[in-house]
Amino acid sequence: MRYWLMKSEPDEVSFDDVLAAPDRTTAWFGVRNYQARNFMRDQMQPGDGVLFYHSSCAAPGVAGIAEVASGPYPDASQFDPSSKYFDAKATREQPRWISVDVRAVEKGRYLPLTEMRGVPELDDMVLLRKGSRLSISPVTPGEWNAVLRLIRQEQ
DNA sequence: GCCAACGTTGGC
DNA sequence: GCCAACGTTGGC
């Protein structure tokens with residue numbers, strides 16, 4: 001069992017959107033970075049823990065807890081010419097990009113990035129490293145436990 | 001809107 | 001295979 005942090009722009013897909021979706025599950029599409037793709041393809045397993053992170057918004061932070069809910073499969077948006085994620089070099093026979101399904105599990109207190117930066121257990125988090133832009137990054141068990149403790153704190 | 005940091009592209 | 005130019009990410 002591994003742990004991950006996955007970034008989503010809440011204007012596109014927010015944690016509440018996933019909570020409201022059928023089976024609280026959504027396809028994670030639009031990843032167009034090879035390192036992030038390889039994490040999904042090679043390392044993610046159904047049941048892995050996911051920190052659902054809101055990026056590119058007024059107050060970036062962890063919006064909820066989710067889990068990986070499928071194995072990898074081709075990202076449909078790469079084949080759709082009307083999608084901004086269309087990739088002319090991808091074919092059905094040779095897909096380039098993949099998705100996994102993600103299921104919302106628990107919504108706690110919103111944990112802002114600004115607060116995360118002050119938490120000693122999170123000092124080495126990939127997310128917090130200078131210049132880190134990965135949309136999917138690994139989370140250690142220690143980091144996972146620290147984040148869960150924080151989001152379950154009373155407000 | 002700015003801009004640092006990083007990834008990708010393409011000429012050579 | 002190098003690397004400059006360009007594009008993107010994402011916090012601020």
# chains A, B, ... in the order shown; residues from 1 in each chain; ligands from 1
>>> closest_atom_pairs(of="chain B", to="stretch 4-10 of chain C", cutoff="10 Å", atoms="only C-alpha atoms (C1' of nucleotides)", output="tab-separated table")
residue	atom	partner	partner_atom	distance
B:DA5	C1'	C:DT9	C1'	8.9
B:DC6	C1'	C:DT9	C1'	8.5
B:DG7	C1'	C:DT8	C1'	8.0
B:DT8	C1'	C:DG7	C1'	8.0
B:DT9	C1'	C:DC6	C1'	8.1
B:DG10	C1'	C:DA5	C1'	9.5
B:DG11	C1'	C:DA4	C1'	9.7
>>> interface_residues(of="chain A", to="chain C", cutoff="12 Å", atoms="only C-alpha atoms (C1' of nucleotides)", output="ChimeraX atom specification")
/A:7-9,32-33,54-61,113-114,127-128,130-135
>>> write_last_selection(atoms="N, CA and C atoms", output="compact mmCIF listing (two decimals), in the first residue's frame")
# COMPACT_ATOMS: atom_id res chain seq x y z
N LYS A 7 -2.83 16.46 -7.65
CA LYS A 7 -3.29 17.85 -7.78
C LYS A 7 -4.43 17.95 -8.78
N SER A 8 -5.43 18.70 -8.39
CA SER A 8 -6.52 19.02 -9.31
C SER A 8 -6.86 20.49 -9.15
N GLU A 9 -7.18 21.12 -10.27
CA GLU A 9 -7.66 22.49 -10.18
C GLU A 9 -9.14 22.44 -9.84
N ARG A 32 -0.34 14.93 -18.31
CA ARG A 32 0.47 15.00 -19.54
C ARG A 32 1.94 15.20 -19.17
N ASN A 33 2.34 14.51 -18.15
CA ASN A 33 3.74 14.55 -17.70
C ASN A 33 4.17 13.11 -17.49
N HIS A 54 -5.93 20.73 -3.99
CA HIS A 54 -6.43 21.77 -4.88
C HIS A 54 -5.30 22.74 -5.23
N SER A 55 -5.01 22.86 -6.53
CA SER A 55 -3.94 23.75 -6.98
C SER A 55 -4.50 24.86 -7.86
N SER A 56 -3.66 25.87 -8.11
CA SER A 56 -4.04 26.99 -8.98
C SER A 56 -5.36 27.60 -8.55
N CYS A 57 -5.45 27.91 -7.28
CA CYS A 57 -6.67 28.53 -6.75
C CYS A 57 -6.26 29.48 -5.63
N ALA A 58 -7.22 30.17 -5.08
CA ALA A 58 -6.92 31.22 -4.11
C ALA A 58 -6.17 30.68 -2.90
N ALA A 59 -6.61 29.53 -2.39
CA ALA A 59 -5.97 28.94 -1.21
C ALA A 59 -5.65 27.48 -1.51
N PRO A 60 -4.50 27.21 -2.11
CA PRO A 60 -4.14 25.82 -2.41
C PRO A 60 -4.02 25.01 -1.13
N GLY A 61 -4.36 23.71 -1.22
CA GLY A 61 -4.23 22.85 -0.04
C GLY A 61 -4.90 21.51 -0.25
N LEU A 113 -1.94 24.95 2.05
CA LEU A 113 -0.50 24.84 1.80
C LEU A 113 0.31 25.67 2.79
N THR A 114 -0.18 26.85 3.11
CA THR A 114 0.55 27.73 4.02
C THR A 114 0.75 27.07 5.38
N LEU A 127 5.81 17.70 -2.61
CA LEU A 127 4.98 18.86 -2.91
C LEU A 127 5.62 20.17 -2.48
N LEU A 128 6.32 20.13 -1.34
CA LEU A 128 6.82 21.36 -0.74
C LEU A 128 8.23 21.70 -1.20
N LYS A 130 11.16 23.10 -3.39
CA LYS A 130 11.28 24.26 -4.27
C LYS A 130 11.26 23.82 -5.72
N GLY A 131 10.39 24.44 -6.49
CA GLY A 131 10.33 24.16 -7.91
C GLY A 131 9.55 22.92 -8.29
N SER A 132 9.03 22.19 -7.30
CA SER A 132 8.31 20.96 -7.61
C SER A 132 6.98 21.28 -8.27
N ARG A 133 6.74 20.65 -9.43
CA ARG A 133 5.49 20.91 -10.14
C ARG A 133 4.75 19.63 -10.45
N LEU A 134 5.24 18.52 -9.97
CA LEU A 134 4.62 17.23 -10.30
C LEU A 134 3.15 17.22 -9.87
N SER A 135 2.29 16.78 -10.79
CA SER A 135 0.87 16.75 -10.45
C SER A 135 0.50 15.50 -9.65
>>> closest_residue(among="A:Val119, A:Ala104, A:Ile65, A:Met125", to="A:Leu51", atoms="only C-alpha atoms")
A:Ile65
>>> select_by_dssp(residues="chain A", states="helix (DSSP H, G or I)", output="PyMOL selection string")
chain A and resi 15-20+22-24+34-43+76-79+113-116+120-122+126-128+141-151
>>> write_last_selection(atoms="C-alpha atoms", output="mmCIF file, in the first residue's frame")
data_model
loop_
_atom_site.group_PDB
_atom_site.id
_atom_site.type_symbol
_atom_site.label_atom_id
_atom_site.label_comp_id
_atom_site.auth_asym_id
_atom_site.auth_seq_id
_atom_site.Cartn_x
_atom_site.Cartn_y
_atom_site.Cartn_z
ATOM 1 C CA PHE A 15 -13.061 17.255 -4.116
ATOM 2 C CA ASP A 16 -16.746 18.093 -3.655
ATOM 3 C CA ASP A 17 -17.333 17.252 -7.308
ATOM 4 C CA VAL A 18 -15.931 13.779 -6.693
ATOM 5 C CA LEU A 19 -17.958 13.360 -3.496
ATOM 6 C CA ALA A 20 -21.068 14.127 -5.546
ATOM 7 C CA PRO A 22 -21.661 8.294 -8.772
ATOM 8 C CA ASP A 23 -19.883 5.936 -6.357
ATOM 9 C CA ARG A 24 -17.860 9.026 -5.319
ATOM 10 C CA TYR A 34 5.699 11.346 -18.076
ATOM 11 C CA GLN A 35 6.894 11.087 -14.511
ATOM 12 C CA ALA A 36 3.369 11.500 -13.165
ATOM 13 C CA ARG A 37 2.055 9.060 -15.749
ATOM 14 C CA ASN A 38 4.641 6.481 -14.805
ATOM 15 C CA PHE A 39 3.600 6.657 -11.159
ATOM 16 C CA MET A 40 0.045 5.798 -12.224
ATOM 17 C CA ARG A 41 1.122 3.133 -14.667
ATOM 18 C CA ASP A 42 3.851 1.405 -12.688
ATOM 19 C CA GLN A 43 3.249 1.941 -9.005
ATOM 20 C CA ALA A 76 -9.915 8.877 -23.223
ATOM 21 C CA SER A 77 -9.232 12.597 -23.561
ATOM 22 C CA GLN A 78 -6.053 11.996 -25.580
ATOM 23 C CA PHE A 79 -8.220 10.714 -28.466
ATOM 24 C CA LEU A 113 -0.498 24.843 1.796
ATOM 25 C CA THR A 114 0.552 27.731 4.024
ATOM 26 C CA GLU A 115 -0.122 25.592 7.083
ATOM 27 C CA MET A 116 1.607 22.553 5.633
ATOM 28 C CA PRO A 120 8.056 19.617 10.679
ATOM 29 C CA GLU A 121 6.882 16.141 9.574
ATOM 30 C CA LEU A 122 6.180 17.553 6.115
ATOM 31 C CA VAL A 126 7.820 16.360 -2.642
ATOM 32 C CA LEU A 127 4.976 18.864 -2.911
ATOM 33 C CA LEU A 128 6.820 21.361 -0.738
ATOM 34 C CA PRO A 141 3.642 6.942 5.551
ATOM 35 C CA GLY A 142 4.946 9.523 8.029
ATOM 36 C CA GLU A 143 3.711 12.393 5.860
ATOM 37 C CA TRP A 144 0.385 10.642 5.333
ATOM 38 C CA ASN A 145 -0.153 10.168 9.050
ATOM 39 C CA ALA A 146 0.778 13.773 9.794
ATOM 40 C CA VAL A 147 -1.653 15.116 7.180
ATOM 41 C CA LEU A 148 -4.482 12.875 8.388
ATOM 42 C CA ARG A 149 -3.928 13.987 11.961
ATOM 43 C CA LEU A 150 -4.104 17.638 10.848
ATOM 44 C CA ILE A 151 -7.239 17.332 8.743
#
>>> atom_distance(atom1="atom CA of A:Lys89", atom2="atom CA of A:Tyr73")
17.3 Å
>>> select_by_dssp(residues="chain A", states="strand (DSSP E)", output="VMD selection string")
chain A and resid 3 to 8 25 to 28 49 to 54 61 to 68 73 to 74 98 to 106 111 to 112 136 to 139
>>> residues_around(residues="A:Asp75", least_positions_apart="4", cutoff="7 Å", atoms="only C-alpha atoms (C1' of nucleotides)", output="list in words")
Phe29, Trp97, Ile98 and Ser99 of chain A
>>> closest_residue(among="A:Val102, A:Met1, A:Ile136, A:Val68", to="A:Val13", atoms="only C-alpha atoms")
A:Val102
>>> atom_distance(atom1="atom CA of A:Met6", atom2="atom CA of A:Glu93")
27.4 Å
